[in-house]
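Peer 1: Input file: input.cif. Contents: mmCIF, C-alpha atoms and all ligand atoms.
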```cif
data_entry
#
loop_
_atom_site.label_atom_id
_atom_site.label_comp_id
_atom_site.auth_asym_id
_atom_site.auth_seq_id
_atom_site.Cartn_x
_atom_site.Cartn_y
_atom_site.Cartn_z
CA MET A 1 0.00 0.00 0.00
CA LYS A 2 0.96 3.66 -0.35
CA HIS A 3 2.97 4.86 2.64
CA ASP A 4 0.64 6.23 5.33
CA SER A 5 2.57 8.00 8.10
CA GLN A 6 -0.68 8.35 10.05
CA LEU A 7 -0.91 4.57 10.15
CA GLU A 8 2.44 4.41 11.96
CA ARG A 9 1.20 7.04 14.42
CA LEU A 10 -1.94 5.05 15.04
CA VAL A 11 -0.04 1.81 15.60
CA GLU A 12 2.21 3.58 18.13
CA SER A 13 -0.73 5.19 19.86
CA LEU A 14 -2.51 1.83 20.18
CA ALA A 15 0.64 0.39 21.73
CA LYS A 16 0.75 3.30 24.22
CA HIS A 17 -2.86 2.65 25.16
CA GLY A 18 -2.02 -0.99 25.81
CA VAL A 19 -3.85 -2.37 22.79
CA GLY A 20 -1.90 -5.54 22.02
CA ALA A 21 -2.50 -8.71 20.07
CA VAL A 22 -6.19 -9.42 20.63
CA ASP A 23 -7.63 -12.76 19.46
CA VAL A 24 -10.66 -11.27 17.71
CA ALA A 25 -11.47 -7.69 16.70
CA PHE A 26 -15.09 -6.71 16.06
CA VAL A 27 -15.97 -3.65 14.00
CA LEU A 28 -19.49 -2.62 14.96
CA GLY A 29 -21.83 -1.07 12.42
CA SER A 30 -24.57 1.55 12.83
CA GLY A 31 -26.80 0.77 15.81
CA LEU A 32 -24.77 -2.34 16.71
CA GLY A 33 -22.41 -0.74 19.23
CA GLU A 34 -24.25 -2.19 22.21
CA PHE A 35 -22.38 -5.47 21.80
CA ALA A 36 -19.33 -3.81 23.39
CA GLU A 37 -21.23 -3.77 26.71
CA ARG A 38 -20.94 -7.57 26.82
CA ILE A 39 -17.17 -7.38 27.01
CA GLN A 40 -15.75 -8.33 30.42
CA ARG A 41 -12.88 -6.56 32.18
CA ALA A 42 -13.61 -3.86 29.64
CA ARG A 43 -11.60 -0.74 29.13
CA ALA A 44 -12.89 1.92 26.72
CA ILE A 45 -10.59 4.29 24.87
CA PRO A 46 -12.36 7.24 23.19
CA TYR A 47 -11.20 7.74 19.60
CA ALA A 48 -10.40 11.35 20.46
CA GLU A 49 -7.57 10.08 22.71
CA ILE A 50 -6.03 7.98 19.95
CA ASP A 51 -3.54 9.61 17.58
CA GLY A 52 -4.05 9.06 13.87
CA LEU A 53 -7.57 7.69 14.09
CA PRO A 54 -10.18 9.43 11.91
CA VAL A 55 -13.40 10.14 13.84
CA SER A 56 -16.86 9.76 12.32
CA GLY A 57 -19.65 12.29 12.63
CA VAL A 58 -22.36 9.73 11.81
CA LYS A 59 -25.13 9.22 14.39
CA GLY A 60 -25.34 5.79 15.97
CA HIS A 61 -21.59 5.39 16.35
CA ALA A 62 -20.08 5.93 19.80
CA GLY A 63 -16.50 6.46 18.67
CA ARG A 64 -14.42 4.35 21.03
CA LEU A 65 -12.37 1.20 21.20
CA VAL A 66 -13.34 -1.25 23.91
CA ILE A 67 -10.83 -3.90 24.86
CA GLY A 68 -11.32 -6.79 27.25
CA GLU A 69 -12.32 -10.46 27.30
CA LEU A 70 -15.16 -12.64 26.13
CA GLY A 71 -15.44 -16.38 26.66
CA GLY A 72 -11.83 -16.42 27.87
CA VAL A 73 -10.36 -14.80 24.76
CA LYS A 74 -8.99 -11.31 24.26
CA VAL A 75 -11.27 -9.13 22.20
CA LEU A 76 -11.48 -5.61 20.93
CA ALA A 77 -14.55 -3.79 19.65
CA GLN A 78 -14.40 -0.79 17.40
CA GLN A 79 -17.59 1.13 18.22
CA GLY A 80 -17.96 3.27 15.15
CA ARG A 81 -16.09 3.54 11.89
CA VAL A 82 -15.57 6.22 9.27
CA HIS A 83 -17.16 5.97 5.83
CA LEU A 84 -16.09 6.97 2.34
CA TYR A 85 -19.32 8.96 1.97
CA GLU A 86 -18.23 11.28 4.78
CA GLY A 87 -15.33 12.27 2.56
CA TRP A 88 -12.66 10.09 4.15
CA SER A 89 -10.14 8.46 1.82
CA VAL A 90 -9.93 4.71 1.42
CA SER A 91 -6.69 4.67 3.46
CA GLU A 92 -8.43 6.56 6.27
CA VAL A 93 -11.39 4.19 6.16
CA THR A 94 -9.09 1.17 6.49
CA ARG A 95 -6.48 2.65 8.82
CA ALA A 96 -7.95 1.31 12.07
CA VAL A 97 -8.23 -2.23 10.73
CA ARG A 98 -4.68 -2.14 9.38
CA ALA A 99 -3.34 -0.77 12.67
CA ILE A 100 -5.18 -3.39 14.76
CA ALA A 101 -3.79 -6.07 12.44
CA LYS A 102 -0.30 -4.62 12.81
CA ARG A 103 -0.73 -4.88 16.59
CA GLY A 104 -1.06 -8.63 16.03
CA CYS A 105 -4.77 -9.33 15.57
CA ARG A 106 -5.37 -12.12 13.03
CA ARG A 107 -9.17 -12.39 13.13
CA PHE A 108 -11.78 -9.77 12.39
CA VAL A 109 -15.56 -9.76 12.44
CA LEU A 110 -16.75 -6.80 10.40
CA THR A 111 -20.39 -5.88 10.88
CA ASN A 112 -22.79 -3.43 9.28
CA ALA A 113 -26.37 -2.36 8.84
CA ALA A 114 -27.65 -3.18 5.36
CA GLY A 115 -30.74 -3.05 3.19
CA GLY A 116 -32.21 -6.44 2.29
CA ILE A 117 -32.53 -7.15 -1.42
CA ARG A 118 -34.11 -10.59 -1.14
CA PRO A 119 -37.84 -9.92 -1.05
CA GLU A 120 -38.47 -12.53 1.65
CA TRP A 121 -35.97 -10.94 4.07
CA ARG A 122 -37.47 -8.76 6.79
CA PRO A 123 -35.82 -6.10 8.96
CA GLY A 124 -34.00 -7.66 11.89
CA LEU A 125 -32.57 -10.56 9.93
CA LEU A 126 -28.88 -11.40 10.38
CA MET A 127 -26.72 -12.53 7.45
CA THR A 128 -23.12 -13.64 7.23
CA ILE A 129 -21.34 -12.16 4.24
CA ARG A 130 -20.32 -14.92 1.84
CA ASP A 131 -18.79 -12.56 -0.68
CA HIS A 132 -19.09 -8.95 -1.74
CA LEU A 133 -19.41 -6.68 -4.74
CA ASN A 134 -17.09 -3.70 -4.37
CA LEU A 135 -19.07 -0.94 -6.08
CA GLN A 136 -17.39 1.90 -4.19
CA GLY A 137 -15.15 2.77 -7.11
CA ARG A 138 -11.95 2.35 -5.13
CA THR A 139 -9.93 -0.34 -3.45
CA PRO A 140 -7.62 -0.13 -0.44
CA LEU A 141 -5.24 -2.59 -2.08
CA ALA A 142 -1.97 -1.50 -3.61
CA ARG A 143 -0.54 -3.29 -6.64
CA ASP A 144 1.62 -5.43 -4.40
CA GLU A 145 -1.44 -6.47 -2.39
CA ALA A 146 -3.12 -8.73 -4.91
CA GLY A 147 -6.83 -9.40 -4.53
CA TYR A 148 -8.13 -12.41 -2.70
CA ALA A 149 -10.23 -15.12 -4.24
CA ARG A 150 -12.16 -15.53 -1.01
CA PRO A 151 -12.13 -12.48 1.22
CA TYR A 152 -14.52 -13.99 3.80
CA ASP A 153 -13.12 -16.90 5.76
CA GLU A 154 -15.11 -20.13 5.54
CA GLY A 155 -13.92 -21.40 8.93
CA LEU A 156 -14.86 -18.24 10.84
CA THR A 157 -18.19 -18.05 9.02
CA ALA A 158 -18.95 -21.70 9.80
CA ALA A 159 -18.19 -21.02 13.48
CA LEU A 160 -20.77 -18.21 13.50
CA HIS A 161 -23.39 -20.47 11.89
CA GLU A 162 -22.70 -23.23 14.39
CA VAL A 163 -23.21 -20.90 17.35
CA ALA A 164 -26.33 -19.41 15.73
CA LYS A 165 -27.78 -22.91 15.36
CA GLU A 166 -26.98 -23.87 18.96
CA ARG A 167 -28.65 -20.71 20.24
CA GLY A 168 -31.64 -20.76 17.89
CA ILE A 169 -30.69 -17.50 16.19
CA ALA A 170 -31.75 -17.27 12.52
CA LEU A 171 -28.69 -16.56 10.40
CA GLU A 172 -28.75 -16.38 6.62
CA SER A 173 -25.82 -16.08 4.24
CA GLY A 174 -25.49 -13.74 1.29
CA VAL A 175 -23.58 -11.43 -0.99
CA TYR A 176 -23.10 -7.83 0.22
CA ALA A 177 -22.97 -5.01 -2.31
CA GLY A 178 -20.86 -2.13 -0.98
CA LEU A 179 -21.84 1.21 -2.51
CA LEU A 180 -20.43 4.66 -1.90
CA GLY A 181 -23.63 6.29 -0.56
CA PRO A 182 -24.59 8.38 1.32
CA SER A 183 -27.99 8.34 -0.33
CA TYR A 184 -30.02 5.17 -0.43
CA GLU A 185 -30.54 3.47 -3.77
CA THR A 186 -33.34 3.82 -6.25
CA PRO A 187 -35.66 0.88 -6.96
CA ALA A 188 -34.01 0.48 -10.39
CA GLU A 189 -30.58 0.31 -8.76
CA ILE A 190 -31.83 -2.37 -6.38
CA ARG A 191 -33.20 -4.40 -9.33
CA MET A 192 -29.78 -4.04 -10.95
CA LEU A 193 -27.99 -5.19 -7.77
CA ALA A 194 -30.32 -8.20 -7.51
CA LYS A 195 -29.38 -9.17 -11.09
CA LEU A 196 -25.70 -8.82 -10.18
CA GLY A 197 -26.19 -11.38 -7.42
CA ALA A 198 -26.39 -9.13 -4.36
CA ASP A 199 -28.57 -10.10 -1.40
CA ALA A 200 -27.92 -7.02 0.74
CA VAL A 201 -26.65 -3.49 0.16
CA GLY A 202 -24.69 -1.08 2.33
CA MET A 203 -21.99 1.57 2.40
CA SER A 204 -19.12 0.08 4.38
CA THR A 205 -17.11 -3.07 5.12
CA VAL A 206 -15.74 -4.00 1.68
CA ALA A 207 -12.59 -1.85 1.91
CA GLU A 208 -11.92 -2.91 5.51
CA THR A 209 -12.28 -6.56 4.56
CA LEU A 210 -9.77 -6.27 1.72
CA ALA A 211 -7.33 -4.32 3.90
CA ALA A 212 -7.54 -6.84 6.75
CA ARG A 213 -6.90 -9.67 4.29
CA ALA A 214 -3.94 -7.78 2.84
CA CYS A 215 -2.53 -7.64 6.39
CA GLY A 216 -2.77 -11.42 6.60
CA ALA A 217 -5.85 -11.52 8.85
CA ARG A 218 -8.95 -13.70 8.45
CA VAL A 219 -12.31 -11.99 8.15
CA ALA A 220 -15.94 -12.84 8.77
CA GLY A 221 -18.69 -10.37 7.91
CA ILE A 222 -22.17 -9.96 9.39
CA SER A 223 -24.93 -7.72 8.09
CA LEU A 224 -27.99 -6.80 10.06
CA ILE A 225 -30.81 -6.23 7.59
CA THR A 226 -32.33 -3.03 8.96
CA ASN A 227 -34.78 -2.36 6.13
CA GLN A 228 -35.99 -3.74 2.86
CA ALA A 229 -33.99 -2.08 0.09
CA ALA A 230 -35.60 0.63 -2.06
CA GLY A 231 -38.62 -0.47 -4.03
CA ILE A 232 -39.05 -3.77 -2.22
CA SER A 233 -41.51 -2.64 0.43
CA GLY A 234 -42.32 0.73 -1.11
CA GLU A 235 -41.65 2.55 2.15
CA ARG A 236 -39.33 5.51 2.38
CA LEU A 237 -35.93 4.71 3.93
CA SER A 238 -34.40 6.70 6.75
CA HIS A 239 -31.28 6.60 8.89
CA GLU A 240 -33.58 6.60 11.97
CA GLU A 241 -35.23 3.39 10.76
CA VAL A 242 -31.80 1.80 10.35
CA ILE A 243 -30.81 2.74 13.91
CA ALA A 244 -34.15 1.58 15.35
CA ALA A 245 -33.88 -1.84 13.64
CA GLY A 246 -30.34 -2.10 15.00
CA ARG A 247 -31.63 -1.54 18.55
CA GLU A 248 -34.37 -4.12 18.11
CA ALA A 249 -31.97 -6.78 16.84
CA ALA A 250 -29.05 -5.79 19.07
CA GLY A 251 -29.76 -8.45 21.70
CA ARG A 252 -29.67 -11.31 19.19
CA PHE A 253 -26.66 -9.86 17.44
CA SER A 254 -24.77 -9.46 20.72
CA ASP A 255 -25.73 -12.98 21.90
CA LEU A 256 -24.36 -14.42 18.69
CA LEU A 257 -21.03 -12.60 18.88
CA GLU A 258 -20.61 -13.10 22.62
CA HIS A 259 -21.04 -16.86 22.36
CA ALA A 260 -19.02 -17.11 19.17
CA ALA A 261 -15.94 -15.29 20.49
CA ALA A 262 -14.20 -18.38 21.85
CA SER A 263 -14.81 -20.51 18.74
CA LEU A 264 -13.76 -17.66 16.46
CA ALA A 265 -10.43 -17.56 18.29
CA ARG A 266 -9.76 -21.28 17.83
N1 LIG B 1 -29.00 0.88 1.40
C1 LIG B 1 -27.71 1.18 1.64
N2 LIG B 1 -27.17 1.14 2.84
C2 LIG B 1 -27.95 0.79 3.87
C3 LIG B 1 -29.30 0.46 3.71
C4 LIG B 1 -29.85 0.51 2.39
O1 LIG B 1 -31.03 0.23 2.15
N3 LIG B 1 -29.79 0.16 4.94
C5 LIG B 1 -28.77 0.28 5.81
N4 LIG B 1 -27.64 0.67 5.19
#
```
Can you dump the structure from the file as structure tokens?

Peer 2:
Amino acid sequence: MKHDSQLERLVESLAKHGVGAVDVAFVLGSGLGEFAERIQRARAIPYAEIDGLPVSGVKGHAGRLVIGELGGVKVLAQQGRVHLYEGWSVSEVTRAVRAIAKRGCRRFVLTNAAGGIRPEWRPGLLMTIRDHLNLQGRTPLARDEAGYARPYDEGLTAALHEVAKERGIALESGVYAGLLGPSYETPAEIRMLAKLGADAVGMSTVAETLAARACGARVAGISLITNQAAGISGERLSHEEVIAAGREAAGRFSDLLEHAAASLAR
């Protein structure tokens, strides 16, 4: 990748704050930050106290790192991320993930709120990301960081499905289309995405996944379907609806991740 001096600053700052090699790092999407409250022996570090970390202005993101333990393994949760649509560059969007990987983390669970493209999917549904369509018009990968045939790790994803089954949590699997945003799509765009093979649509995750893979980490992705995508239900979409669906599903989402932490680390 292109040299990013801010990345070095961030890695140093994480070291100063005692953020070491965690077993699993969770990046929490809009409305999904509550999961961090499940972390035991937790210590929260506000983003404002961390050098080199871009800070989001989007509602529904707390803006802190929480480190601690879950199920006997060391975990970190990134409560809030920055988005390309806020005007951040692709290296800024992926800087936290790269820095956490450089601190020794080898497993990431990247989560997001997404619109459901499959007509039978209702708000509140959870989906693991099997693959993605990068429609953001940019990649975080440099020429020496070749693409990856399978960005989402089958073993980590299988571990999530196993825990979901044990706990009776419905968990689908699908292809995530990552768009630039910030506006929601038109019905015609959603019909196009369905033809391209997408099951869900959102505005994050794809760049972070590719960057984490380029750093040698394994990645699982989870989308919370917060709304039916444009034209599927005919209702107008709003950021408030996305946040509200996140709150409603937060318990199930947090249960899944809490109980999966130990098997994700194996
Ligand atoms: N489209 C794009 N991004 C989203 C959506 C959507 O319908 N819902 C939540 N994030």

Peer 1: Under the rule of at most 10 Å, produce a per-residue listing of chain A near ligand LIG 1 (chain B): chain, number, name, the closest pair of atoms, and the distance in Å, as JSON lines, using all atoms listed in the file.

Peer 2:
```
{"residue": "A:Gly29", "atom": "CA", "partner": "B:LIG1", "partner_atom": "N4", "distance": 9.4}
{"residue": "A:Ser30", "atom": "CA", "partner": "B:LIG1", "partner_atom": "C5", "distance": 8.3}
{"residue": "A:Asn112", "atom": "CA", "partner": "B:LIG1", "partner_atom": "N4", "distance": 7.6}
{"residue": "A:Ala113", "atom": "CA", "partner": "B:LIG1", "partner_atom": "C5", "distance": 4.7}
{"residue": "A:Ala114", "atom": "CA", "partner": "B:LIG1", "partner_atom": "C5", "distance": 3.7}
{"residue": "A:Gly115", "atom": "CA", "partner": "B:LIG1", "partner_atom": "O1", "distance": 3.5}
{"residue": "A:Gly116", "atom": "CA", "partner": "B:LIG1", "partner_atom": "O1", "distance": 6.8}
{"residue": "A:Ile117", "atom": "CA", "partner": "B:LIG1", "partner_atom": "O1", "distance": 8.3}
{"residue": "A:Pro123", "atom": "CA", "partner": "B:LIG1", "partner_atom": "N3", "distance": 9.6}
{"residue": "A:Ala177", "atom": "CA", "partner": "B:LIG1", "partner_atom": "C1", "distance": 8.7}
{"residue": "A:Gly178", "atom": "CA", "partner": "B:LIG1", "partner_atom": "C1", "distance": 8.0}
{"residue": "A:Leu179", "atom": "CA", "partner": "B:LIG1", "partner_atom": "C1", "distance": 7.2}
{"residue": "A:Leu180", "atom": "CA", "partner": "B:LIG1", "partner_atom": "C1", "distance": 8.8}
{"residue": "A:Gly181", "atom": "CA", "partner": "B:LIG1", "partner_atom": "C1", "distance": 6.9}
{"residue": "A:Pro182", "atom": "CA", "partner": "B:LIG1", "partner_atom": "N2", "distance": 7.8}
{"residue": "A:Ser183", "atom": "CA", "partner": "B:LIG1", "partner_atom": "C1", "distance": 7.4}
{"residue": "A:Tyr184", "atom": "CA", "partner": "B:LIG1", "partner_atom": "N1", "distance": 4.8}
{"residue": "A:Glu185", "atom": "CA", "partner": "B:LIG1", "partner_atom": "N1", "distance": 6.0}
{"residue": "A:Thr186", "atom": "CA", "partner": "B:LIG1", "partner_atom": "N1", "distance": 9.3}
{"residue": "A:Ile190", "atom": "CA", "partner": "B:LIG1", "partner_atom": "N1", "distance": 8.9}
{"residue": "A:Ala200", "atom": "CA", "partner": "B:LIG1", "partner_atom": "C4", "distance": 7.9}
{"residue": "A:Val201", "atom": "CA", "partner": "B:LIG1", "partner_atom": "C1", "distance": 5.0}
{"residue": "A:Gly202", "atom": "CA", "partner": "B:LIG1", "partner_atom": "N2", "distance": 3.4}
{"residue": "A:Met203", "atom": "CA", "partner": "B:LIG1", "partner_atom": "N2", "distance": 5.2}
{"residue": "A:Ser204", "atom": "CA", "partner": "B:LIG1", "partner_atom": "N2", "distance": 8.3}
{"residue": "A:Ser223", "atom": "CA", "partner": "B:LIG1", "partner_atom": "C5", "distance": 9.2}
{"residue": "A:Leu224", "atom": "CA", "partner": "B:LIG1", "partner_atom": "C5", "distance": 8.3}
{"residue": "A:Ile225", "atom": "CA", "partner": "B:LIG1", "partner_atom": "N3", "distance": 7.0}
{"residue": "A:Thr226", "atom": "CA", "partner": "B:LIG1", "partner_atom": "N3", "distance": 5.7}
{"residue": "A:Asn227", "atom": "CA", "partner": "B:LIG1", "partner_atom": "N3", "distance": 5.7}
{"residue": "A:Gln228", "atom": "CA", "partner": "B:LIG1", "partner_atom": "O1", "distance": 6.4}
{"residue": "A:Ala229", "atom": "CA", "partner": "B:LIG1", "partner_atom": "O1", "distance": 4.3}
{"residue": "A:Ala230", "atom": "CA", "partner": "B:LIG1", "partner_atom": "O1", "distance": 6.2}
{"residue": "A:Gly231", "atom": "CA", "partner": "B:LIG1", "partner_atom": "O1", "distance": 9.8}
{"residue": "A:Ile232", "atom": "CA", "partner": "B:LIG1", "partner_atom": "O1", "distance": 10.0}
{"residue": "A:Arg236", "atom": "CA", "partner": "B:LIG1", "partner_atom": "O1", "distance": 9.8}
{"residue": "A:Leu237", "atom": "CA", "partner": "B:LIG1", "partner_atom": "O1", "distance": 6.9}
{"residue": "A:Ser238", "atom": "CA", "partner": "B:LIG1", "partner_atom": "N3", "distance": 8.2}
{"residue": "A:His239", "atom": "CA", "partner": "B:LIG1", "partner_atom": "C5", "distance": 7.5}
{"residue": "A:Glu241", "atom": "CA", "partner": "B:LIG1", "partner_atom": "N3", "distance": 8.6}
{"residue": "A:Val242", "atom": "CA", "partner": "B:LIG1", "partner_atom": "C5", "distance": 5.7}
{"residue": "A:Ile243", "atom": "CA", "partner": "B:LIG1", "partner_atom": "C5", "distance": 8.7}
{"residue": "A:Ala245", "atom": "CA", "partner": "B:LIG1", "partner_atom": "C5", "distance": 9.6}
{"residue": "A:Gly246", "atom": "CA", "partner": "B:LIG1", "partner_atom": "C5", "distance": 9.6}
```

Peer 1: Of the candidates A:Leu10, A:Ala77, A:Ala198, A:Val27, which shows the shortest atom-to-atom distance to Arg103 in chain A, using all atoms listed in the file?

Peer 2: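 Of A:Leu10, A:Ala77, A:Ala198, A:Val27, the one nearest Arg103 in chain A, counting all atoms listed in the file, is A:Leu10.
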
Peer 1: For Phe26 in chain A, which of A:Gly72, A:Pro151, A:Gly251, A:Gly221 is the closest residue, counting only C-alpha atoms?

Peer 2: A:Gly221

Peer 1: So how far away is CA of Ala217 in chain A from CA of Gly20 in chain A, in Å?

Peer 2: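 It comes out at 15.0 Å.
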
Peer 1: Using all atoms listed in the file, list the residues that have an atom at most 10 Å from (-6.2, -4.5, 15.6), coordinates as in the file, as a PDB file with C-alpha atoms, in the coordinates of the input.

Peer 2:
```
ATOM      1  CA  VAL A  11      -0.040   1.810  15.600  1.00  0.00           C
ATOM      2  CA  LEU A  14      -2.510   1.830  20.180  1.00  0.00           C
ATOM      3  CA  VAL A  19      -3.850  -2.370  22.790  1.00  0.00           C
ATOM      4  CA  GLY A  20      -1.900  -5.540  22.020  1.00  0.00           C
ATOM      5  CA  ALA A  21      -2.500  -8.710  20.070  1.00  0.00           C
ATOM      6  CA  VAL A  22      -6.190  -9.420  20.630  1.00  0.00           C
ATOM      7  CA  ASP A  23      -7.630 -12.760  19.460  1.00  0.00           C
ATOM      8  CA  VAL A  24     -10.660 -11.270  17.710  1.00  0.00           C
ATOM      9  CA  ALA A  25     -11.470  -7.690  16.700  1.00  0.00           C
ATOM     10  CA  PHE A  26     -15.090  -6.710  16.060  1.00  0.00           C
ATOM     11  CA  VAL A  27     -15.970  -3.650  14.000  1.00  0.00           C
ATOM     12  CA  VAL A  75     -11.270  -9.130  22.200  1.00  0.00           C
ATOM     13  CA  LEU A  76     -11.480  -5.610  20.930  1.00  0.00           C
ATOM     14  CA  ALA A  77     -14.550  -3.790  19.650  1.00  0.00           C
ATOM     15  CA  GLN A  78     -14.400  -0.790  17.400  1.00  0.00           C
ATOM     16  CA  ARG A  95      -6.480   2.650   8.820  1.00  0.00           C
ATOM     17  CA  ALA A  96      -7.950   1.310  12.070  1.00  0.00           C
ATOM     18  CA  VAL A  97      -8.230  -2.230  10.730  1.00  0.00           C
ATOM     19  CA  ARG A  98      -4.680  -2.140   9.380  1.00  0.00           C
ATOM     20  CA  ALA A  99      -3.340  -0.770  12.670  1.00  0.00           C
ATOM     21  CA  ILE A 100      -5.180  -3.390  14.760  1.00  0.00           C
ATOM     22  CA  ALA A 101      -3.790  -6.070  12.440  1.00  0.00           C
ATOM     23  CA  LYS A 102      -0.300  -4.620  12.810  1.00  0.00           C
ATOM     24  CA  ARG A 103      -0.730  -4.880  16.590  1.00  0.00           C
ATOM     25  CA  GLY A 104      -1.060  -8.630  16.030  1.00  0.00           C
ATOM     26  CA  CYS A 105      -4.770  -9.330  15.570  1.00  0.00           C
ATOM     27  CA  ARG A 106      -5.370 -12.120  13.030  1.00  0.00           C
ATOM     28  CA  ARG A 107      -9.170 -12.390  13.130  1.00  0.00           C
ATOM     29  CA  PHE A 108     -11.780  -9.770  12.390  1.00  0.00           C
ATOM     30  CA  ALA A 212      -7.540  -6.840   6.750  1.00  0.00           C
ATOM     31  CA  ALA A 217      -5.850 -11.520   8.850  1.00  0.00           C
TER      32      ALA A 217
END
```

Peer 1: Nearest residue to Gln136 in chain A out of A:Ala188, A:Leu110, A:Val66, A:Ala207, using all atoms listed in the file?

Peer 2: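 Closest residue, counting all atoms listed in the file: A:Ala207.
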
Peer 1: One decimal, Å: what's the distance from CA of Tyr47 in chain A over to CA of Thr209 in chain A, could you say?

Peer 2: 20.8 Å

Peer 1: Point out the residue among A:Ala220, A:Leu156, A:Leu53, A:Leu28 with the least atom-to-atom distance to Arg9 in chain A, counting all atoms listed in the file.

Peer 2: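 Under the stated criterion, the closest residue is A:Leu53.
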
Peer 1: Rank nothing, just name the residue among A:Val55, A:Val163, A:Leu210, A:Leu264 nearest to Asp131 in chain A, using only C-alpha atoms.

Peer 2: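 Comparing A:Val55, A:Val163, A:Leu210, A:Leu264 against Asp131 in chain A, the winner is A:Leu210.
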
Peer 1: Calculate how many Å separate CA of Gly174 in chain A from CA of Lys195 in chain A, rounding to one decimal.

Peer 2: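 Taking CA of Gly174 in chain A and CA of Lys195 in chain A, their separation equals 13.8 Å.
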